[in-house]
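**Student:** work18.cif is the file, holding mmCIF, C-alpha atoms and all ligand atoms:
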```
data_start
loop_
_atom_site.group_PDB
_atom_site.id
_atom_site.type_symbol
_atom_site.label_atom_id
_atom_site.label_comp_id
_atom_site.auth_asym_id
_atom_site.auth_seq_id
_atom_site.Cartn_x
_atom_site.Cartn_y
_atom_site.Cartn_z
ATOM 1 C CA MET A 1 0.000 0.000 0.000
ATOM 2 C CA PRO A 2 1.355 3.484 -0.755
ATOM 3 C CA ALA A 3 2.612 5.099 2.458
ATOM 4 C CA ILE A 4 0.907 8.417 1.695
ATOM 5 C CA ILE A 5 -2.493 7.047 2.788
ATOM 6 C CA LYS A 6 -2.697 6.074 6.460
ATOM 7 C CA HIS A 7 -6.464 5.980 7.015
ATOM 8 C CA TRP A 8 -9.250 4.531 4.946
ATOM 9 C CA SER A 9 -13.013 4.303 5.402
ATOM 10 C CA PHE A 10 -16.043 3.711 3.219
ATOM 11 C CA SER A 11 -16.931 7.410 3.534
ATOM 12 C CA ARG A 12 -13.544 8.384 2.063
ATOM 13 C CA ALA A 13 -13.911 5.841 -0.705
ATOM 14 C CA ALA A 14 -17.453 7.049 -1.466
ATOM 15 C CA ALA A 15 -16.294 10.693 -1.624
ATOM 16 C CA LEU A 16 -13.564 9.712 -4.068
ATOM 17 C CA GLU A 17 -15.928 7.688 -6.241
ATOM 18 C CA GLU A 18 -18.510 10.459 -6.346
ATOM 19 C CA CYS A 19 -16.107 13.312 -7.027
ATOM 20 C CA PRO A 20 -12.290 13.309 -6.647
ATOM 21 C CA ARG A 21 -12.354 17.055 -5.964
ATOM 22 C CA ARG A 22 -14.754 16.486 -3.069
ATOM 23 C CA TYR A 23 -12.305 13.925 -1.716
ATOM 24 C CA LEU A 24 -9.475 16.468 -1.919
ATOM 25 C CA LEU A 25 -11.531 19.211 -0.299
ATOM 26 C CA HIS A 26 -12.852 17.093 2.543
ATOM 27 C CA TYR A 27 -9.877 14.898 3.369
ATOM 28 C CA VAL A 28 -6.716 16.462 1.955
ATOM 29 C CA VAL A 29 -7.073 20.260 1.938
ATOM 30 C CA PRO A 30 -7.293 20.510 5.783
ATOM 31 C CA ARG A 31 -3.764 19.080 6.057
ATOM 32 C CA ALA A 32 -2.280 20.922 3.062
ATOM 33 C CA PRO A 33 0.475 23.540 3.430
ATOM 34 C CA SER A 34 -0.622 27.137 2.810
ATOM 35 C CA ASP A 35 1.458 27.435 -0.371
ATOM 36 C CA LEU A 36 -0.850 24.828 -1.931
ATOM 37 C CA VAL A 37 -4.166 26.056 -0.534
ATOM 38 C CA PRO A 38 -4.639 29.594 0.859
ATOM 39 C CA GLU A 39 -5.564 29.684 4.540
ATOM 40 C CA SER A 40 -8.875 31.445 3.778
ATOM 41 C CA VAL A 41 -9.939 28.503 1.594
ATOM 42 C CA GLN A 42 -8.801 26.067 4.253
ATOM 43 C CA ARG A 43 -10.892 27.828 6.907
ATOM 44 C CA ASN A 44 -13.954 27.700 4.687
ATOM 45 C CA VAL A 45 -13.377 24.018 3.979
ATOM 46 C CA LEU A 46 -13.106 23.284 7.707
ATOM 47 C CA PHE A 47 -16.437 25.035 8.190
ATOM 48 C CA LEU A 48 -18.222 23.473 5.227
ATOM 49 C CA ARG A 49 -17.142 19.894 5.913
ATOM 50 C CA GLN A 50 -18.973 20.008 9.257
ATOM 51 C CA LEU A 51 -22.327 20.838 7.729
ATOM 52 C CA LYS A 52 -25.148 18.429 8.404
ATOM 53 C CA THR A 53 -28.331 17.931 6.432
ATOM 54 C CA LEU A 54 -31.658 16.946 7.949
ATOM 55 C CA PRO A 55 -31.526 13.478 6.319
ATOM 56 C CA MET A 56 -28.091 13.033 7.937
ATOM 57 C CA LEU A 57 -29.573 13.952 11.315
ATOM 58 C CA LEU A 58 -32.359 11.460 10.696
ATOM 59 C CA GLY A 59 -29.769 8.723 10.090
ATOM 60 C CA THR A 60 -27.944 9.642 13.313
ATOM 61 C CA ALA A 61 -31.204 9.659 15.278
ATOM 62 C CA VAL A 62 -32.233 6.228 13.973
ATOM 63 C CA HIS A 63 -28.840 4.675 14.684
ATOM 64 C CA GLN A 64 -28.812 6.091 18.211
ATOM 65 C CA ALA A 65 -32.353 4.843 18.801
ATOM 66 C CA ALA A 66 -31.499 1.360 17.484
ATOM 67 C CA SER A 67 -28.545 1.143 19.823
ATOM 68 C CA ARG A 68 -30.638 2.272 22.819
ATOM 69 C CA TRP A 69 -33.357 -0.217 21.885
ATOM 70 C CA LEU A 70 -30.908 -3.119 21.712
ATOM 71 C CA GLU A 71 -29.242 -2.180 24.995
ATOM 72 C CA SER A 72 -32.639 -1.947 26.701
ATOM 73 C CA CYS A 73 -33.642 -5.370 25.324
ATOM 74 C CA ALA A 74 -30.335 -6.838 26.499
ATOM 75 C CA GLN A 75 -31.148 -5.589 29.996
ATOM 76 C CA GLY A 76 -34.611 -7.187 29.797
ATOM 77 C CA LYS A 77 -36.474 -3.864 29.748
ATOM 78 C CA PRO A 78 -37.312 -3.024 26.116
ATOM 79 C CA LEU A 79 -37.974 0.698 25.704
ATOM 80 C CA PRO A 80 -41.444 1.572 24.396
ATOM 81 C CA LEU A 81 -41.475 2.782 20.792
ATOM 82 C CA LYS A 82 -43.188 5.994 21.877
ATOM 83 C CA SER A 83 -40.348 7.051 24.156
ATOM 84 C CA LEU A 84 -37.720 6.187 21.511
ATOM 85 C CA LEU A 85 -39.682 8.176 18.949
ATOM 86 C CA ASP A 86 -40.106 11.182 21.245
ATOM 87 C CA GLU A 87 -36.419 11.237 22.166
ATOM 88 C CA SER A 88 -35.273 10.897 18.560
ATOM 89 C CA TRP A 89 -37.624 13.571 17.323
ATOM 90 C CA HIS A 90 -36.555 15.876 20.142
ATOM 91 C CA PHE A 91 -32.934 15.427 19.017
ATOM 92 C CA ILE A 92 -33.846 16.445 15.448
ATOM 93 C CA GLU A 93 -36.053 19.355 16.477
ATOM 94 C CA ARG A 94 -33.464 20.684 18.906
ATOM 95 C CA SER A 95 -30.811 20.517 16.174
ATOM 96 C CA VAL A 96 -33.080 22.493 13.845
ATOM 97 C CA ALA A 97 -33.966 25.014 16.577
ATOM 98 C CA PHE A 98 -30.301 25.704 17.269
ATOM 99 C CA SER A 99 -29.259 25.807 13.672
ATOM 100 C CA ALA A 100 -30.470 29.151 12.332
ATOM 101 C CA ALA A 101 -27.981 30.537 9.865
ATOM 102 C CA GLU A 102 -26.844 33.260 12.256
ATOM 103 C CA HIS A 103 -25.955 30.709 14.945
ATOM 104 C CA TYR A 104 -22.361 30.320 14.023
ATOM 105 C CA LEU A 105 -21.797 29.856 17.736
ATOM 106 C CA TYR A 106 -21.450 26.162 17.035
ATOM 107 C CA ARG A 107 -17.773 26.577 17.731
ATOM 108 C CA ASP A 108 -18.507 27.829 21.234
ATOM 109 C CA GLU A 109 -17.411 25.288 23.804
ATOM 110 C CA GLN A 110 -20.402 26.323 25.908
ATOM 111 C CA ALA A 111 -22.838 25.291 23.198
ATOM 112 C CA PRO A 112 -21.469 22.131 21.598
ATOM 113 C CA TYR A 113 -24.944 21.081 20.474
ATOM 114 C CA TYR A 114 -25.256 23.815 17.860
ATOM 115 C CA THR A 115 -25.593 22.257 14.450
ATOM 116 C CA VAL A 116 -24.975 24.115 11.226
ATOM 117 C CA LEU A 117 -27.419 22.770 8.708
ATOM 118 C CA MET A 118 -26.649 22.761 5.030
ATOM 119 C CA GLU A 119 -30.304 23.637 4.425
ATOM 120 C CA HIS A 120 -29.750 27.027 6.085
ATOM 121 C CA ILE A 121 -26.496 27.710 4.307
ATOM 122 C CA TYR A 122 -28.106 27.023 0.938
ATOM 123 C CA ARG A 123 -31.331 28.830 1.878
ATOM 124 C CA ILE A 124 -33.471 25.692 1.597
ATOM 125 C CA GLU A 125 -36.722 26.328 3.394
ATOM 126 C CA ILE A 126 -37.460 23.912 6.222
ATOM 127 C CA THR A 127 -41.223 23.802 5.947
ATOM 128 C CA ASP A 128 -43.754 22.016 8.152
ATOM 129 C CA ALA A 129 -44.464 19.645 5.270
ATOM 130 C CA TYR A 130 -40.752 18.772 5.029
ATOM 131 C CA MET A 131 -40.527 18.171 8.769
ATOM 132 C CA GLY A 132 -43.725 16.115 8.612
ATOM 133 C CA ARG A 133 -42.168 13.813 6.003
ATOM 134 C CA LEU A 134 -39.056 13.465 8.126
ATOM 135 C CA TYR A 135 -41.154 12.547 11.166
ATOM 136 C CA ARG A 136 -43.062 9.881 9.245
ATOM 137 C CA LYS A 137 -39.777 8.385 8.004
ATOM 138 C CA LEU A 138 -38.402 8.325 11.531
ATOM 139 C CA LYS A 139 -41.543 6.676 12.879
ATOM 140 C CA ALA A 140 -41.588 4.053 10.122
ATOM 141 C CA ALA A 141 -37.906 3.230 10.674
ATOM 142 C CA LEU A 142 -38.265 2.892 14.456
ATOM 143 C CA ARG A 143 -41.335 0.693 14.016
ATOM 144 C CA ARG A 144 -39.121 -1.694 12.071
ATOM 145 C CA LEU A 145 -36.490 -2.057 14.740
ATOM 146 C CA PRO A 146 -36.059 -5.810 14.843
ATOM 147 C CA ALA A 147 -38.193 -7.874 17.152
ATOM 148 C CA TRP A 148 -35.413 -10.500 17.386
ATOM 149 C CA PRO A 149 -33.999 -9.420 20.729
ATOM 150 C CA VAL A 150 -37.378 -9.874 22.381
ATOM 151 C CA GLN A 151 -39.140 -12.279 20.055
ATOM 152 C CA PRO A 152 -37.360 -15.169 18.305
ATOM 153 C CA VAL A 153 -37.647 -15.252 14.527
ATOM 154 C CA ALA A 154 -37.687 -18.117 12.080
ATOM 155 C CA GLY A 155 -34.837 -19.076 9.775
ATOM 156 C CA GLY A 156 -32.081 -20.158 12.146
ATOM 157 C CA MET A 157 -31.718 -16.834 13.935
ATOM 158 C CA GLN A 158 -33.449 -17.788 17.190
ATOM 159 C CA GLY A 159 -32.489 -16.056 20.387
ATOM 160 C CA PRO A 160 -29.853 -13.531 19.321
ATOM 161 C CA ARG A 161 -27.983 -12.085 22.282
ATOM 162 C CA LEU A 162 -26.431 -8.655 21.919
ATOM 163 C CA VAL A 163 -22.625 -8.713 22.170
ATOM 164 C CA GLN A 164 -21.822 -5.126 21.163
ATOM 165 C CA SER A 165 -23.532 -2.175 19.500
ATOM 166 C CA GLU A 166 -22.154 0.961 17.833
ATOM 167 C CA VAL A 167 -18.589 -0.370 17.698
ATOM 168 C CA LEU A 168 -16.083 2.147 16.329
ATOM 169 C CA SER A 169 -12.894 0.317 15.462
ATOM 170 C CA ALA A 170 -10.296 -0.313 12.773
ATOM 171 C CA VAL A 171 -8.658 -3.229 11.029
ATOM 172 C CA GLU A 172 -4.908 -2.742 10.422
ATOM 173 C CA ARG A 173 -3.387 -3.699 7.076
ATOM 174 C CA ASP A 174 0.249 -2.902 6.187
ATOM 175 C CA GLY A 175 0.274 0.348 8.153
ATOM 176 C CA LEU A 176 -3.161 1.323 6.909
ATOM 177 C CA ALA A 177 -6.071 1.700 9.363
ATOM 178 C CA LEU A 178 -9.433 0.670 7.856
ATOM 179 C CA TRP A 179 -11.970 2.526 9.983
ATOM 180 C CA PHE A 180 -15.607 1.540 10.425
ATOM 181 C CA LYS A 181 -18.564 1.708 12.768
ATOM 182 C CA LEU A 182 -20.379 -1.564 13.225
ATOM 183 C CA ASP A 183 -24.016 -1.181 14.204
ATOM 184 C CA ALA A 184 -24.661 -4.393 16.131
ATOM 185 C CA LEU A 185 -23.099 -7.757 16.848
ATOM 186 C CA PHE A 186 -25.174 -10.653 18.173
ATOM 187 C CA GLN A 187 -24.433 -14.173 19.267
ATOM 188 C CA LEU A 188 -26.910 -16.738 18.010
ATOM 189 C CA GLU A 189 -27.985 -19.826 19.925
ATOM 190 C CA SER A 190 -25.984 -21.868 17.435
ATOM 191 C CA GLY A 191 -22.827 -20.062 18.591
ATOM 192 C CA GLN A 192 -22.495 -18.168 15.311
ATOM 193 C CA LEU A 193 -21.818 -14.436 15.447
ATOM 194 C CA LEU A 194 -24.225 -12.227 13.534
ATOM 195 C CA VAL A 195 -23.146 -8.771 12.319
ATOM 196 C CA VAL A 196 -26.057 -6.443 11.516
ATOM 197 C CA ASP A 197 -25.864 -3.142 9.673
ATOM 198 C CA TRP A 198 -28.964 -0.925 9.782
ATOM 199 C CA LYS A 199 -29.764 0.688 6.463
ATOM 200 C CA LEU A 200 -31.975 3.689 5.902
ATOM 201 C CA SER A 201 -30.817 4.193 2.340
ATOM 202 C CA GLU A 202 -31.754 2.384 -0.851
ATOM 203 C CA TYR A 203 -30.725 -1.210 -1.448
ATOM 204 C CA ASN A 204 -27.237 -1.167 -3.019
ATOM 205 C CA PRO A 205 -26.177 -4.829 -3.038
ATOM 206 C CA GLN A 206 -22.529 -4.380 -3.991
ATOM 207 C CA ARG A 207 -21.703 -1.476 -1.680
ATOM 208 C CA ASP A 208 -23.694 -2.908 1.235
ATOM 209 C CA LEU A 209 -22.044 -6.309 0.931
ATOM 210 C CA LEU A 210 -18.525 -4.842 0.822
ATOM 211 C CA GLN A 211 -19.261 -2.869 3.966
ATOM 212 C CA LEU A 212 -20.493 -5.997 5.702
ATOM 213 C CA ALA A 213 -17.394 -7.858 4.529
ATOM 214 C CA LEU A 214 -15.161 -5.334 6.322
ATOM 215 C CA TYR A 215 -17.147 -5.745 9.545
ATOM 216 C CA GLY A 216 -16.962 -9.516 9.041
ATOM 217 C CA THR A 217 -13.167 -9.311 8.697
ATOM 218 C CA TYR A 218 -12.958 -7.471 12.016
ATOM 219 C CA VAL A 219 -15.290 -9.874 13.827
ATOM 220 C CA ALA A 220 -13.600 -12.983 12.399
ATOM 221 C CA GLU A 221 -10.125 -11.708 13.363
ATOM 222 C CA GLN A 222 -10.757 -9.947 16.645
ATOM 223 C CA VAL A 223 -13.893 -11.437 18.194
ATOM 224 C CA ALA A 224 -14.807 -14.866 16.837
ATOM 225 C CA GLY A 225 -11.506 -16.728 16.894
ATOM 226 C CA PRO A 226 -10.828 -19.825 14.788
ATOM 227 C CA GLY A 227 -13.665 -22.104 13.730
ATOM 228 C CA ARG A 228 -16.548 -19.865 14.751
ATOM 229 C CA GLU A 229 -18.841 -18.905 11.924
ATOM 230 C CA VAL A 230 -19.653 -15.269 11.203
ATOM 231 C CA VAL A 231 -22.943 -14.341 9.535
ATOM 232 C CA LEU A 232 -23.581 -10.910 8.020
ATOM 233 C CA ALA A 233 -26.875 -9.108 7.549
ATOM 234 C CA ASN A 234 -28.199 -5.832 6.245
ATOM 235 C CA TYR A 235 -31.466 -4.832 7.837
ATOM 236 C CA TYR A 236 -33.317 -2.209 5.777
ATOM 237 C CA LEU A 237 -35.304 -0.039 8.154
ATOM 238 C CA SER A 238 -37.053 1.592 5.215
ATOM 239 C CA ASN A 239 -38.905 -1.619 4.275
ATOM 240 C CA GLY A 240 -38.067 -4.274 6.887
ATOM 241 C CA LYS A 241 -36.035 -6.374 4.453
ATOM 242 C CA LEU A 242 -33.307 -8.575 5.936
ATOM 243 C CA VAL A 243 -30.513 -9.723 3.604
ATOM 244 C CA ARG A 244 -28.106 -12.292 5.024
ATOM 245 C CA HIS A 245 -24.740 -13.627 3.828
ATOM 246 C CA ARG A 246 -22.176 -16.051 5.193
ATOM 247 C CA PHE A 247 -18.806 -14.433 5.771
ATOM 248 C CA THR A 248 -16.305 -16.304 3.604
ATOM 249 C CA SER A 249 -12.661 -15.936 2.622
ATOM 250 C CA LYS A 250 -13.936 -14.920 -0.835
ATOM 251 C CA LEU A 251 -15.785 -11.976 0.707
ATOM 252 C CA ALA A 252 -12.727 -11.034 2.761
ATOM 253 C CA ALA A 253 -10.644 -11.050 -0.437
ATOM 254 C CA ALA A 254 -13.261 -8.965 -2.268
ATOM 255 C CA VAL A 255 -13.170 -6.189 0.327
ATOM 256 C CA ALA A 256 -9.358 -6.326 0.490
ATOM 257 C CA GLY A 257 -9.205 -5.896 -3.301
ATOM 258 C CA TYR A 258 -11.677 -3.017 -3.197
ATOM 259 C CA VAL A 259 -9.664 -1.258 -0.484
ATOM 260 C CA ALA A 260 -6.399 -1.747 -2.403
ATOM 261 C CA ARG A 261 -7.855 -0.243 -5.602
ATOM 262 C CA SER A 262 -9.370 2.654 -3.711
ATOM 263 C CA VAL A 263 -6.108 3.377 -1.854
ATOM 264 C CA GLN A 264 -4.174 3.384 -5.128
ATOM 265 C CA GLN A 265 -6.557 5.960 -6.609
ATOM 266 C CA MET A 266 -6.304 8.099 -3.466
ATOM 267 C CA ALA A 267 -2.520 7.898 -3.520
ATOM 268 C CA ARG A 268 -2.331 8.912 -7.200
ATOM 269 C CA LEU A 269 -4.603 11.881 -6.595
ATOM 270 C CA GLU A 270 -2.754 12.988 -3.472
ATOM 271 C CA GLU A 271 0.635 12.659 -5.165
ATOM 272 C CA THR A 272 -0.510 15.017 -7.920
ATOM 273 C CA PHE A 273 -1.998 17.378 -5.334
ATOM 274 C CA PHE A 274 1.140 17.525 -3.167
ATOM 275 C CA SER A 275 3.467 17.695 -6.166
ATOM 276 C CA GLY A 276 2.597 21.398 -6.390
ATOM 277 C CA LYS A 277 -0.715 21.394 -8.225
ATOM 278 C CA GLY A 278 -2.935 21.806 -5.164
ATOM 279 C CA LEU A 279 -6.628 21.935 -6.034
ATOM 280 C CA ALA A 280 -5.737 22.320 -9.708
ATOM 281 C CA ALA A 281 -4.986 18.576 -9.500
ATOM 282 C CA GLN A 282 -8.741 18.137 -9.811
ATOM 283 C CA PRO A 283 -10.617 21.100 -11.291
ATOM 284 C CA PRO A 284 -14.359 21.317 -10.579
ATOM 285 C CA GLU A 285 -16.767 19.781 -13.003
ATOM 286 C CA TRP A 286 -20.472 20.445 -12.582
ATOM 287 C CA LYS A 287 -22.425 17.217 -12.085
ATOM 288 C CA ALA A 288 -26.142 17.793 -11.894
ATOM 289 C CA GLY A 289 -27.625 16.239 -8.776
ATOM 290 C CA LEU A 290 -24.267 15.739 -7.096
ATOM 291 C CA CYS A 291 -22.996 19.329 -7.040
ATOM 292 C CA THR A 292 -26.352 20.736 -5.946
ATOM 293 C CA ARG A 293 -26.175 18.569 -2.790
ATOM 294 C CA CYS A 294 -22.477 19.172 -2.185
ATOM 295 C CA PRO A 295 -21.344 21.339 0.758
ATOM 296 C CA PHE A 296 -18.419 22.630 -1.305
ATOM 297 C CA ARG A 297 -20.343 23.934 -4.276
ATOM 298 C CA LYS A 298 -19.837 27.623 -3.480
ATOM 299 C CA LEU A 299 -16.100 27.008 -3.310
ATOM 300 C CA CYS A 300 -16.118 25.217 -6.634
ATOM 301 C CA PHE A 301 -18.660 27.498 -8.309
ATOM 302 C CA PRO A 302 -18.567 30.806 -6.397
ATOM 303 C CA ALA A 303 -20.766 32.595 -8.931
ATOM 304 C CA SER A 304 -23.675 30.212 -8.385
ATOM 305 C CA GLY A 305 -25.643 32.321 -5.903
ATOM 306 C CA LYS A 306 -25.457 33.755 -2.424
ATOM 307 C CA PRO A 307 -22.293 33.233 -0.402
ATOM 308 C CA ALA A 308 -22.416 29.870 1.262
ATOM 309 C CA VAL A 309 -19.763 30.262 3.876
ATOM 310 C CA ASN A 310 -19.563 31.681 7.349
ATOM 311 C CA PRO A 311 -18.953 35.411 6.917
ATOM 312 C CA ASP A 312 -16.687 35.254 9.962
ATOM 313 C CA CYS A 313 -14.324 32.890 8.183
HETATM 314 S S1 LIG B 401 -19.406 21.026 -5.994
HETATM 315 FE FE1 LIG B 401 -19.335 19.394 -7.521
HETATM 316 S S2 LIG B 401 -17.250 19.499 -8.386
HETATM 317 FE FE2 LIG B 401 -17.219 20.631 -6.435
HETATM 318 S S3 LIG B 401 -16.568 19.138 -4.908
HETATM 319 FE FE3 LIG B 401 -18.786 19.149 -4.909
HETATM 320 S S4 LIG B 401 -19.385 17.496 -6.296
HETATM 321 FE FE4 LIG B 401 -17.243 17.981 -6.720
#
```
Starting from the file, lay out its structure as structure tokens.

**Tutor:**
Amino acid sequence: MPAIIKHWSFSRAAALEECPRRYLLHYVVPRAPSDLVPESVQRNVLFLRQLKTLPMLLGTAVHQAASRWLESCAQGKPLPLKSLLDESWHFIERSVAFSAAEHYLYRDEQAPYYTVLMEHIYRIEITDAYMGRLYRKLKAALRRLPAWPVQPVAGGMQGPRLVQSEVLSAVERDGLALWFKLDALFQLESGQLLVVDWKLSEYNPQRDLLQLALYGTYVAEQVAGPGREVVLANYYLSNGKLVRHRFTSKLAAAVAGYVARSVQQMARLEETFFSGKGLAAQPPEWKAGLCTRCPFRKLCFPASGKPAVNPDC
């Protein structure tokens, strides 16, 4: 692996696949010397890369709720859906309430909960109808939290016992740290370990399987030990679909190959960037749909409307 890349994650790989310039802005510009990227641009990047969108907050709320639900089931006192829903919605509403465009106080240590929403920066109106849709999505997702911890299901997955939830960890490979956050790990009555990844997004079989394969690699190496089978599953909270796979050496090789290709692309791009080209290594290219949702669009296309960045920057 090229030494220039020390950290890898699916988010980095996704940024690179979607737009190499976005990858540079988000992951490389903050550590660039000022002769390559002016400090004013760097400050704006540091601000813009922290922006959240309401769908991102929804994802955070659902993952937090799922973890709380599993922990409560593991303790034998499953939380009622209503209280999970109220707490999650309160989290979203509070983030919106403290996110008006003028609240750049998010940097204030006294108010760490301030969120800067991309919707405000790009003057997207947060209407009651929009919030209503978000609430219905949240409710539908929480209703689909799995019944397995409290109610055995058919198909060989009886009696899962929670081992860990919300595990942030890394797998080391040749000096490279592959970072991930695993949603939940269960032990089945059969002794198998079951890795579950909650999904709010659309079904994307290839991407979702590769992600599971990385979690499977971690569990097989650091939790299961030799001879213990690892089973992987995506649980789609948008429609209740459960997709299971056995973790095999073929899957482990597939994710290793994907990581290697991704790291090579990152290294090539970074080498060009640090060789003196800076952001010119990857000039902006307008991609309908992608650029309109991108936090960096006013940096790439400054003439495209009102200023997007913190005026204090
Ligand atoms: S605005 Fe478009 S070109 Fe610029 S970083 Fe974002 S996706 Fe890439």

**Student:** Work out how far CA of Phe10 (chain A) is from CA of Ala220 (chain A), in Å to one decimal.

**Tutor:**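 That distance, rounded to one decimal, is 19.2 Å.
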
**Student:** Could you work out how far CA of Ser40 (chain A) lies from CA of Glu18 (chain A), giving the answer in Å with one decimal?

**Tutor:**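 So the answer is 25.2 Å.
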
**Student:** So how far away is CA of Ser83 (chain A) from CA of Ala147 (chain A), in Å?

**Tutor:** 16.6 Å

**Student:** Using all atoms listed in the file, what does the table of chain A residues within 7 Å of ligand LIG 401 (chain B) look like, with each row giving the shortest atom pair and its distance in Å to one decimal, sorted by chain and ascending number, as JSON lines?

**Tutor:**
```
{"residue": "A:Cys19", "atom": "CA", "partner": "B:LIG401", "partner_atom": "FE4", "distance": 4.8}
{"residue": "A:Pro20", "atom": "CA", "partner": "B:LIG401", "partner_atom": "FE4", "distance": 6.8}
{"residue": "A:Arg21", "atom": "CA", "partner": "B:LIG401", "partner_atom": "S3", "distance": 4.8}
{"residue": "A:Arg22", "atom": "CA", "partner": "B:LIG401", "partner_atom": "S3", "distance": 3.7}
{"residue": "A:Leu25", "atom": "CA", "partner": "B:LIG401", "partner_atom": "S3", "distance": 6.8}
{"residue": "A:Pro284", "atom": "CA", "partner": "B:LIG401", "partner_atom": "S2", "distance": 4.1}
{"residue": "A:Glu285", "atom": "CA", "partner": "B:LIG401", "partner_atom": "S2", "distance": 4.7}
{"residue": "A:Trp286", "atom": "CA", "partner": "B:LIG401", "partner_atom": "FE1", "distance": 5.3}
{"residue": "A:Lys287", "atom": "CA", "partner": "B:LIG401", "partner_atom": "FE1", "distance": 5.9}
{"residue": "A:Leu290", "atom": "CA", "partner": "B:LIG401", "partner_atom": "S4", "distance": 5.2}
{"residue": "A:Cys291", "atom": "CA", "partner": "B:LIG401", "partner_atom": "FE1", "distance": 3.7}
{"residue": "A:Thr292", "atom": "CA", "partner": "B:LIG401", "partner_atom": "S1", "distance": 7.0}
{"residue": "A:Cys294", "atom": "CA", "partner": "B:LIG401", "partner_atom": "FE3", "distance": 4.6}
{"residue": "A:Pro295", "atom": "CA", "partner": "B:LIG401", "partner_atom": "FE3", "distance": 6.6}
{"residue": "A:Phe296", "atom": "CA", "partner": "B:LIG401", "partner_atom": "FE3", "distance": 5.0}
{"residue": "A:Arg297", "atom": "CA", "partner": "B:LIG401", "partner_atom": "S1", "distance": 3.5}
{"residue": "A:Cys300", "atom": "CA", "partner": "B:LIG401", "partner_atom": "FE2", "distance": 4.7}
{"residue": "A:Phe301", "atom": "CA", "partner": "B:LIG401", "partner_atom": "S1", "distance": 6.9}
```

**Student:** Output the residue selection produced by the PyMOL selection byres (((chain A and resi 58) around 12) and not hetatm) on the file above, formatted as a PyMOL selection string.

**Tutor:** chain A and resi 52-57+59-65+85+88-93+95-96+131+133-142+199-201

**Student:** Would you export the selected residues with C-alpha atoms as a PDB file, in the coordinates of the input, please?

**Tutor:**
```
ATOM      1  CA  LYS A  52     -25.148  18.429   8.404  1.00  0.00           C
ATOM      2  CA  THR A  53     -28.331  17.931   6.432  1.00  0.00           C
ATOM      3  CA  LEU A  54     -31.658  16.946   7.949  1.00  0.00           C
ATOM      4  CA  PRO A  55     -31.526  13.478   6.319  1.00  0.00           C
ATOM      5  CA  MET A  56     -28.091  13.033   7.937  1.00  0.00           C
ATOM      6  CA  LEU A  57     -29.573  13.952  11.315  1.00  0.00           C
ATOM      7  CA  GLY A  59     -29.769   8.723  10.090  1.00  0.00           C
ATOM      8  CA  THR A  60     -27.944   9.642  13.313  1.00  0.00           C
ATOM      9  CA  ALA A  61     -31.204   9.659  15.278  1.00  0.00           C
ATOM     10  CA  VAL A  62     -32.233   6.228  13.973  1.00  0.00           C
ATOM     11  CA  HIS A  63     -28.840   4.675  14.684  1.00  0.00           C
ATOM     12  CA  GLN A  64     -28.812   6.091  18.211  1.00  0.00           C
ATOM     13  CA  ALA A  65     -32.353   4.843  18.801  1.00  0.00           C
ATOM     14  CA  LEU A  85     -39.682   8.176  18.949  1.00  0.00           C
ATOM     15  CA  SER A  88     -35.273  10.897  18.560  1.00  0.00           C
ATOM     16  CA  TRP A  89     -37.624  13.571  17.323  1.00  0.00           C
ATOM     17  CA  HIS A  90     -36.555  15.876  20.142  1.00  0.00           C
ATOM     18  CA  PHE A  91     -32.934  15.427  19.017  1.00  0.00           C
ATOM     19  CA  ILE A  92     -33.846  16.445  15.448  1.00  0.00           C
ATOM     20  CA  GLU A  93     -36.053  19.355  16.477  1.00  0.00           C
ATOM     21  CA  SER A  95     -30.811  20.517  16.174  1.00  0.00           C
ATOM     22  CA  VAL A  96     -33.080  22.493  13.845  1.00  0.00           C
ATOM     23  CA  MET A 131     -40.527  18.171   8.769  1.00  0.00           C
ATOM     24  CA  ARG A 133     -42.168  13.813   6.003  1.00  0.00           C
ATOM     25  CA  LEU A 134     -39.056  13.465   8.126  1.00  0.00           C
ATOM     26  CA  TYR A 135     -41.154  12.547  11.166  1.00  0.00           C
ATOM     27  CA  ARG A 136     -43.062   9.881   9.245  1.00  0.00           C
ATOM     28  CA  LYS A 137     -39.777   8.385   8.004  1.00  0.00           C
ATOM     29  CA  LEU A 138     -38.402   8.325  11.531  1.00  0.00           C
ATOM     30  CA  LYS A 139     -41.543   6.676  12.879  1.00  0.00           C
ATOM     31  CA  ALA A 140     -41.588   4.053  10.122  1.00  0.00           C
ATOM     32  CA  ALA A 141     -37.906   3.230  10.674  1.00  0.00           C
ATOM     33  CA  LEU A 142     -38.265   2.892  14.456  1.00  0.00           C
ATOM     34  CA  LYS A 199     -29.764   0.688   6.463  1.00  0.00           C
ATOM     35  CA  LEU A 200     -31.975   3.689   5.902  1.00  0.00           C
ATOM     36  CA  SER A 201     -30.817   4.193   2.340  1.00  0.00           C
TER      37      SER A 201
END
```

**Student:** Step by step, work through what the PyMOL selection byres (((chain A and resi 229-240) around 6) and not hetatm) selects in the shown file, and finish by giving those residues as a list in words.

**Tutor:**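 Selection result, ordered by chain and number: Ala141, Arg144, Gln192, Leu193, Leu194, Val195, Val196, Asp197, Trp198, Lys199, Leu200, Arg228, Lys241, Leu242, Val243, Arg244, His245, Arg246 and Phe247 of chain A.
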
**Student:** Applied to the shown file, which residues does the PyMOL selection byres (((chain A and resi 43) around 12) and not hetatm) return, written as a list in words?

**Tutor:**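 For this structure, the PyMOL selection byres (((chain A and resi 43) around 12) and not hetatm) captures Leu25, His26, Val29, Pro30, Arg31, Ala32, Ser34, Val37, Pro38, Glu39, Ser40, Val41, Gln42, Asn44, Val45, Leu46, Phe47, Leu48, Arg49, Gln50, Leu299, Val309, Asn310, Pro311, Asp312 and Cys313 of chain A.
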